[in-house]
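Structure, as structure tokens:
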There are 2 protein chains.
Amino acid sequence: MTIRQVAEAADVSIATVSRAMRGSSTVRADLADRVRVAAAELGYRPNPAAQGLATGVTRMIGVVVPTLANPYFDDVIKSLNAAASAAGYRMLVADANEDPDEELELSHGLLRQVDALVLVSPRMPVNALRILEDEARPVVVVNRAADGVGLPFVAVDTYAAMAAICGHLGSLGHTDVAYLAGPAGSWPQQERWRAITAAGGAGLRVTAVPAGSTIEAGYMALESALDHAPTAVMCFNDLVAIGALSRLAELGIDAPREMSVTGFDDIAFARFVRPPLTTAASPQAELGRQAWSLVAQVLAGNRPTAPAPLPAPLIIRESTAAPRERTGEHGRGRDPGRGSREGTGSVHRSPGTMPGD
Amino acid sequence: MTIRQVAEAADVSIATVSRAMRGSSTVRADLADRVRVAAAELGYRPNPAAQGLATGVTRMIGVVVPTLANPYFDDVIKSLNAAASAAGYRMLVADANEDPDEELELSHGLLRQVDALVLVSPRMPVNALRILEDEARPVVVVNRAADGVGLPFVAVDTYAAMAAICGHLGSLGHTDVAYLAGPAGSWPQQERWRAITAAGGAGLRVTAVPAGSTIEAGYMALESALDHAPTAVMCFNDLVAIGALSRLAELGIDAPREMSVTGFDDIAFARFVRPPLTTAASPQAELGRQAWSLVAQVLAGNRPTAPAPLPAPLIIRESTAAPRERTGEHGRGRDPGRGSREGTGSVHRSPGTMPGD
DNA sequence: CTGTTAGCGCGTTCAG
DNA sequence: CTGAACGCGCTAACAG
């Protein structure tokens with residue numbers, strides 16, 4: 001089914017078909033109708049590749065996410081897709097598997113076949129971002145303030161939200177807290193840590209423990225966080241918090257009575273885990289919408305107006321409480337039951353050791 | 001950056017560049033090198049649209065899911081994408097928002113621009129599926145046995161898994177159970193119901209209540225399920241189960257002591273909610289892999305070998321238990337505290353009424 | 001307002 | 001083994 005067959009059936013030239021299909025006003029009404037009828041009967045749909053070649057416009061956007069396994073990113077791309085879809089755009093998604101190199105590689109590949117690229121929480125280094133800046137196609141970034149990089153972006157006010165979490169813990173009476181840190185290249189991770197160190201002045205003594213961004217990462221890292229005898233552990237995100245809670249339960253440490261736990265993002269499941277997570281409610285849907293808005297602005301040839309950082313309100317649920325009275329020892333940091341297991345002292349256990357059921 | 005510039009730089013014809021780039025063996029080694037060097041230096045990447053137009057192959061697959069908001073589908077497409085990506089294919093994803101019409105429309109649109117289409121749990125009617133069958137491009141289906149439709153597909157052995165759930169409940173001593181049903185056009189929903197009715201012969205009396213596929217749907221529908229005085233409620237999927245559990249907790253009905261609850265899918269969060277969900281462990285990753293395998297086979301020109309239904313083992317956690325002793329009334333079906341609220345008696349409450357925190 | 005025609009960038013015959 | 005030339009299906013000048 002090509003444009004030519006439609007032209008023949010409607011007894012017009014292919015140019016007229018082309019114009020009629022795109023609703024050009026410079027085409028006589030009756031001819032346009034004839035074309036539309038013929039097209040409908042033949043089930044004709046223009047070939048996107050050909051259109052792309054001819055116009056240089058694909059009506060596709062590329063999206064690269066660190067992983068599809070985090071509902072947070074899924075929510076963002078769902079919203080982004082809804083907005084793009086309403087504007088007649090399709091979405092080519094790529095999963096970088098938390099690998100900064102793959103992220104850049106995928107970005108380059110995608111840039112050849114889309115009109116614009118959206119990078120969600122990219123972990124790639126700044127200079128990689130800068131390379132992308134020089135590409136012919138617009139690149140928009142979500143949740144990464146590009147320091148010295150001129151890419152348009154939307155981001156959550158991570159700093160303020162993390163500060164609120166610290167404040168919450170502080171007002172509860174916590175002083176010694178651990179932080180299960182996120183992936184190295186992650187801007188949200190950097191911002192959270194920045195807020196945490198600032199909170200040091202406000203009376204919180206926080207020690208960071210490398211973890212990651214998954215349930216398993218939280219599960220694995222929790223135990224070494226205990227070495228610092230904290231009364232609370234703040235987690236990079238809700239997934240990590242869920243993993244941490246799971247390990248705490250296994251160790252017989254009650255949250256929040258013996259240990260407070262906080263997450264970040266407020267994914268849909270955060271309120272249903274046990275105990276319900278105190279966290280920061282990141283506006284995923286709004287991020288997606290704004291990202292599309294930026295894309296649309298750039299595609300329209302305008303310099304986009306930089307959106308203000310999006311607030312992520314503190315959601316206080318049941319995973320945080322006042323620290324219990326100290327009884328000689330700090331928390332359960334030196335609980336004898338723990339030392340007997342292998343792997344104690346190392347930050348990570350070998351992968352795959354989180355038990356099933 | 002076109003092929004022509006590379007040809008010029010390497011001082012060869014564009015045909016040679018074309019051949020060299022795709023590793024044609026009929027090109028002299030030194031020439032091939034010269035081309036590769038030039039291409040690398042110029043950062044040349046072939047234009048996918050042009051390639052697509054010339055060859056009729058886009059190296060893209062389309063994927064349409066009922067919604068991106070269910071981690072189940074995200075897990076499937078993550079796995080599908082991993083396999084496709086390894087084969088050099090990109091993934092164009094479309095979200096049908098649980099709308100059968102949109103599903104078909106998206107499918108048609110996508111078929112023009114991809115080499116193959118994967119439909120995940122399509123809700124569209126059989127005749128729509130049949131239309132897709134006649135398309136030029138291969139269409140592969142996940143989790144929908146196409147009755148009388150010849151589309152290649154992979155599916156979970158939903159019937160057996162649901163039968164196992166029924167058996168589990170039966171062996172616990174339950175006899176009156178409610179079923180929070182999934183979306184109308186959903187094949188998994190049909191299969192689950194088929195297994196349930198078969199279980200009727202095995203001693204389970206099940207009444208179905210329309211719900212849906214989301215947390216909110218489960219939350220909304222739970223109460224009307226109570227009207228039938230069940231001692232257990234089986235849910236279409238884990239999301240619905242989580243919603244049901246949430247509403248039960250609100251009503252002060254303890255699960256599993258006063259009410260057993262089962263899910264389906266075993267999404268990652270199923271074991272972390274309270275109480276941890278008894279459910280069937282659907283192999284999302286395997287579904288994605290097999291779906292790609294089918295696509296690859298068809299693209300290679302082979303008639304694909306139909307994979308056996310994938311088992312979804314029963315996972316018994318804490319959301320199910322023996323029914324408690326009956327005391328005159330069945331369960332809490334007629335608890336006086338409930339009748340005073342508005343909306344009792346209707347299956348659905350108005351949307352958006354599930355409280356936040 | 002309509003039709004003719006020249007590319008868009010690339011793969012691929014077909015001669016050499 | 002290489003290069004010249006054609007065509008993939010469509011859009012956009014341009015001429016009528």
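Chain labels run A, B, ... following the order of the structure tokens; each chain numbers its residues from 1, and ligands are numbered from 1 in the order shown.
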Based on the backbone DSSP call, show me all residues of range 237-314 of chain A assigned strand (DSSP E or B), as a ChimeraX atom specification. /A:260-262,265,273,278-281,310,314
Chain D contacts to chain B at 12 Å (only C-alpha atoms (C1' of nucleotides)) as a PDB file with N, CA and C atoms (P, O5', C5', C4', C3', O3' and C1' of nucleotides), in the first residue's frame:
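Here's the written file selection-v4.pdb:
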ATOM      1  P    DC D   1      36.890 -10.865  -3.029  1.00  0.00           P
ATOM      2  O5'  DC D   1      36.942  -9.517  -3.877  1.00  0.00           O
ATOM      3  C5'  DC D   1      38.057  -8.641  -3.694  1.00  0.00           C
ATOM      4  C4'  DC D   1      37.851  -7.435  -4.556  1.00  0.00           C
ATOM      5  C3'  DC D   1      37.021  -6.320  -3.907  1.00  0.00           C
ATOM      6  O3'  DC D   1      37.770  -5.110  -3.989  1.00  0.00           O
ATOM      7  C1'  DC D   1      36.223  -6.785  -6.091  1.00  0.00           C
ATOM      8  P    DT D   2      37.379  -3.890  -3.109  1.00  0.00           P
ATOM      9  O5'  DT D   2      36.618  -2.989  -4.156  1.00  0.00           O
ATOM     10  C5'  DT D   2      37.380  -2.237  -5.089  1.00  0.00           C
ATOM     11  C4'  DT D   2      36.453  -1.690  -6.137  1.00  0.00           C
ATOM     12  C3'  DT D   2      35.561  -0.543  -5.669  1.00  0.00           C
ATOM     13  O3'  DT D   2      36.065   0.654  -6.238  1.00  0.00           O
ATOM     14  C1'  DT D   2      34.424  -2.078  -7.108  1.00  0.00           C
ATOM     15  P    DG D   3      35.583   2.067  -5.583  1.00  0.00           P
ATOM     16  O5'  DG D   3      34.491   2.526  -6.643  1.00  0.00           O
ATOM     17  C5'  DG D   3      34.900   2.707  -7.995  1.00  0.00           C
ATOM     18  C4'  DG D   3      33.683   2.805  -8.887  1.00  0.00           C
ATOM     19  C3'  DG D   3      32.684   3.903  -8.495  1.00  0.00           C
ATOM     20  O3'  DG D   3      32.285   4.563  -9.686  1.00  0.00           O
ATOM     21  C1'  DG D   3      31.563   1.846  -8.712  1.00  0.00           C
ATOM     22  P    DA D   4      31.693   6.026  -9.632  1.00  0.00           P
ATOM     23  O5'  DA D   4      30.574   5.931 -10.760  1.00  0.00           O
ATOM     24  C5'  DA D   4      30.683   4.923 -11.773  1.00  0.00           C
ATOM     25  C4'  DA D   4      29.335   4.721 -12.460  1.00  0.00           C
ATOM     26  C3'  DA D   4      28.350   5.867 -12.312  1.00  0.00           C
ATOM     27  O3'  DA D   4      27.544   5.902 -13.480  1.00  0.00           O
ATOM     28  C1'  DA D   4      27.491   3.966 -11.218  1.00  0.00           C
ATOM     29  P    DA D   5      26.334   6.942 -13.618  1.00  0.00           P
ATOM     30  O5'  DA D   5      25.096   6.035 -13.176  1.00  0.00           O
ATOM     31  C5'  DA D   5      24.840   4.837 -13.889  1.00  0.00           C
ATOM     32  C4'  DA D   5      23.528   4.223 -13.408  1.00  0.00           C
ATOM     33  C3'  DA D   5      22.399   5.232 -13.196  1.00  0.00           C
ATOM     34  O3'  DA D   5      21.178   4.593 -13.516  1.00  0.00           O
ATOM     35  C1'  DA D   5      22.799   4.119 -11.193  1.00  0.00           C
ATOM     36  P    DC D   6      19.860   5.455 -13.793  1.00  0.00           P
ATOM     37  O5'  DC D   6      18.790   4.584 -13.004  1.00  0.00           O
ATOM     38  C5'  DC D   6      18.782   3.156 -13.156  1.00  0.00           C
ATOM     39  C4'  DC D   6      18.107   2.546 -11.945  1.00  0.00           C
ATOM     40  C3'  DC D   6      16.812   3.247 -11.548  1.00  0.00           C
ATOM     41  O3'  DC D   6      15.779   2.289 -11.429  1.00  0.00           O
ATOM     42  C1'  DC D   6      18.230   2.999  -9.669  1.00  0.00           C
ATOM     43  P    DG D   7      14.248   2.807 -11.442  1.00  0.00           P
ATOM     44  O5'  DG D   7      13.825   2.454  -9.952  1.00  0.00           O
ATOM     45  C5'  DG D   7      14.139   1.180  -9.411  1.00  0.00           C
ATOM     46  C4'  DG D   7      13.913   1.216  -7.912  1.00  0.00           C
ATOM     47  C3'  DG D   7      12.674   2.022  -7.482  1.00  0.00           C
ATOM     48  O3'  DG D   7      11.968   1.275  -6.509  1.00  0.00           O
ATOM     49  C1'  DG D   7      14.567   2.812  -6.341  1.00  0.00           C
ATOM     50  P    DC D   8      10.456   1.613  -6.179  1.00  0.00           P
ATOM     51  O5'  DC D   8      10.403   1.402  -4.606  1.00  0.00           O
ATOM     52  C5'  DC D   8      11.048   0.302  -3.955  1.00  0.00           C
ATOM     53  C4'  DC D   8      11.309   0.703  -2.518  1.00  0.00           C
ATOM     54  C3'  DC D   8      10.266   1.664  -1.981  1.00  0.00           C
ATOM     55  O3'  DC D   8       9.301   0.932  -1.236  1.00  0.00           O
ATOM     56  C1'  DC D   8      12.525   2.372  -1.439  1.00  0.00           C
ATOM     57  P    DG D   9       7.743   1.002  -1.647  1.00  0.00           P
ATOM     58  O5'  DG D   9       7.277   2.369  -0.973  1.00  0.00           O
ATOM     59  C5'  DG D   9       7.368   2.513   0.427  1.00  0.00           C
ATOM     60  C4'  DG D   9       7.182   3.968   0.784  1.00  0.00           C
ATOM     61  C3'  DG D   9       5.927   4.602   0.198  1.00  0.00           C
ATOM     62  O3'  DG D   9       5.190   5.161   1.266  1.00  0.00           O
ATOM     63  C1'  DG D   9       7.834   5.952  -0.231  1.00  0.00           C
ATOM     64  P    DC D  10       3.963   6.098   1.054  1.00  0.00           P
ATOM     65  O5'  DC D  10       4.659   7.518   1.216  1.00  0.00           O
ATOM     66  C5'  DC D  10       5.290   7.843   2.445  1.00  0.00           C
ATOM     67  C4'  DC D  10       6.079   9.118   2.310  1.00  0.00           C
ATOM     68  C3'  DC D  10       5.247  10.359   2.000  1.00  0.00           C
ATOM     69  O3'  DC D  10       5.160  11.156   3.181  1.00  0.00           O
ATOM     70  C1'  DC D  10       7.257  10.269   0.705  1.00  0.00           C
TER      71       DC D  10
END
Q.
Could you tell me which residues of chain C sit within 8 Å of chain B when counting only C-alpha atoms (C1' of nucleotides), and give me the result as a list in words?
A.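 Selected residues: DC8, DG9, DC10 and DG11 of chain C.
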Only C-alpha atoms (C1' of nucleotides), please: the residues just picked out, written as an mmCIF file, in the first residue's frame.
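Saved file selection06.cif follows:
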data_model
loop_
_atom_site.group_PDB
_atom_site.id
_atom_site.type_symbol
_atom_site.label_atom_id
_atom_site.label_comp_id
_atom_site.auth_asym_id
_atom_site.auth_seq_id
_atom_site.Cartn_x
_atom_site.Cartn_y
_atom_site.Cartn_z
ATOM 1 C "C1'" DC C 8 16.014 12.535 1.635
ATOM 2 C "C1'" DG C 9 20.242 8.434 2.790
ATOM 3 C "C1'" DC C 10 20.960 4.112 1.946
ATOM 4 C "C1'" DG C 11 21.016 -0.862 -0.124
#
### Within 7 Å of chain B: residues of chain A, using only C-alpha atoms, as a VMD selection string
chain A and resid 47 to 50 52 to 53 68 to 69 71 74 to 75 78 91 to 93 112 to 113 272 to 274
For the selection you just gave me, I'd like the residues written to a file as a PDB file, in the first residue's frame, keeping N, CA and C atoms.
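Full text of out22.pdb as output:
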ATOM      1  N   ASN A  47       4.060   5.458   5.108  1.00  0.00           N
ATOM      2  CA  ASN A  47       5.225   4.767   5.652  1.00  0.00           C
ATOM      3  C   ASN A  47       6.077   5.738   6.469  1.00  0.00           C
ATOM      4  N   PRO A  48       6.152   5.516   7.770  1.00  0.00           N
ATOM      5  CA  PRO A  48       6.877   6.438   8.645  1.00  0.00           C
ATOM      6  C   PRO A  48       8.347   6.584   8.273  1.00  0.00           C
ATOM      7  N   ALA A  49       8.952   5.519   7.815  1.00  0.00           N
ATOM      8  CA  ALA A  49      10.365   5.597   7.450  1.00  0.00           C
ATOM      9  C   ALA A  49      10.546   6.549   6.278  1.00  0.00           C
ATOM     10  N   ALA A  50       9.648   6.434   5.316  1.00  0.00           N
ATOM     11  CA  ALA A  50       9.737   7.306   4.146  1.00  0.00           C
ATOM     12  C   ALA A  50       9.479   8.752   4.543  1.00  0.00           C
ATOM     13  N   GLY A  52       9.988  10.001   7.404  1.00  0.00           N
ATOM     14  CA  GLY A  52      11.147  10.424   8.167  1.00  0.00           C
ATOM     15  C   GLY A  52      12.293  10.841   7.268  1.00  0.00           C
ATOM     16  N   LEU A  53      12.492  10.038   6.247  1.00  0.00           N
ATOM     17  CA  LEU A  53      13.586  10.339   5.329  1.00  0.00           C
ATOM     18  C   LEU A  53      13.347  11.666   4.624  1.00  0.00           C
ATOM     19  N   LEU A  68      14.330  -0.488  33.938  1.00  0.00           N
ATOM     20  CA  LEU A  68      12.868  -0.579  33.894  1.00  0.00           C
ATOM     21  C   LEU A  68      12.335  -1.299  35.128  1.00  0.00           C
ATOM     22  N   ALA A  69      13.245  -1.768  35.960  1.00  0.00           N
ATOM     23  CA  ALA A  69      12.828  -2.563  37.112  1.00  0.00           C
ATOM     24  C   ALA A  69      12.438  -1.706  38.313  1.00  0.00           C
ATOM     25  N   PRO A  71       9.795   0.939  39.659  1.00  0.00           N
ATOM     26  CA  PRO A  71       8.497   1.537  39.355  1.00  0.00           C
ATOM     27  C   PRO A  71       8.571   3.053  39.238  1.00  0.00           C
ATOM     28  N   ASP A  74       9.221   3.788  35.716  1.00  0.00           N
ATOM     29  CA  ASP A  74       8.060   3.380  34.933  1.00  0.00           C
ATOM     30  C   ASP A  74       6.956   4.431  35.027  1.00  0.00           C
ATOM     31  N   ASP A  75       6.803   4.988  36.197  1.00  0.00           N
ATOM     32  CA  ASP A  75       5.789   6.024  36.365  1.00  0.00           C
ATOM     33  C   ASP A  75       6.149   7.261  35.556  1.00  0.00           C
ATOM     34  N   LYS A  78       5.598   6.491  31.881  1.00  0.00           N
ATOM     35  CA  LYS A  78       4.173   6.368  31.570  1.00  0.00           C
ATOM     36  C   LYS A  78       3.576   7.756  31.331  1.00  0.00           C
ATOM     37  N   MET A  91       7.290   6.484  21.496  1.00  0.00           N
ATOM     38  CA  MET A  91       8.384   6.456  22.456  1.00  0.00           C
ATOM     39  C   MET A  91       9.256   5.220  22.272  1.00  0.00           C
ATOM     40  N   LEU A  92      10.505   5.460  22.028  1.00  0.00           N
ATOM     41  CA  LEU A  92      11.483   4.393  21.879  1.00  0.00           C
ATOM     42  C   LEU A  92      12.206   4.306  23.213  1.00  0.00           C
ATOM     43  N   VAL A  93      12.042   3.212  23.942  1.00  0.00           N
ATOM     44  CA  VAL A  93      12.690   3.192  25.254  1.00  0.00           C
ATOM     45  C   VAL A  93      13.884   2.271  25.312  1.00  0.00           C
ATOM     46  N   ARG A 112      20.042   9.086  16.490  1.00  0.00           N
ATOM     47  CA  ARG A 112      19.963   9.013  15.035  1.00  0.00           C
ATOM     48  C   ARG A 112      18.546   8.793  14.553  1.00  0.00           C
ATOM     49  N   GLN A 113      17.728   8.236  15.395  1.00  0.00           N
ATOM     50  CA  GLN A 113      16.408   7.849  14.887  1.00  0.00           C
ATOM     51  C   GLN A 113      15.228   8.504  15.570  1.00  0.00           C
ATOM     52  N   PHE A 272       2.259   0.363  51.527  1.00  0.00           N
ATOM     53  CA  PHE A 272       1.712  -0.966  51.808  1.00  0.00           C
ATOM     54  C   PHE A 272       2.715  -1.932  52.420  1.00  0.00           C
ATOM     55  N   VAL A 273       3.970  -1.557  52.467  1.00  0.00           N
ATOM     56  CA  VAL A 273       4.942  -2.443  53.078  1.00  0.00           C
ATOM     57  C   VAL A 273       4.826  -2.310  54.590  1.00  0.00           C
ATOM     58  N   ARG A 274       5.568  -3.141  55.286  1.00  0.00           N
ATOM     59  CA  ARG A 274       5.429  -3.154  56.727  1.00  0.00           C
ATOM     60  C   ARG A 274       6.731  -2.827  57.398  1.00  0.00           C
TER      61      ARG A 274
END
- When you draw a straight line from CA of Glu216 in chain A to CA of Phe264 in chain B, how long is it in Å?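 Spanning CA of Glu216 in chain A to CA of Phe264 in chain B is a straight-line distance of 22.0 Å.
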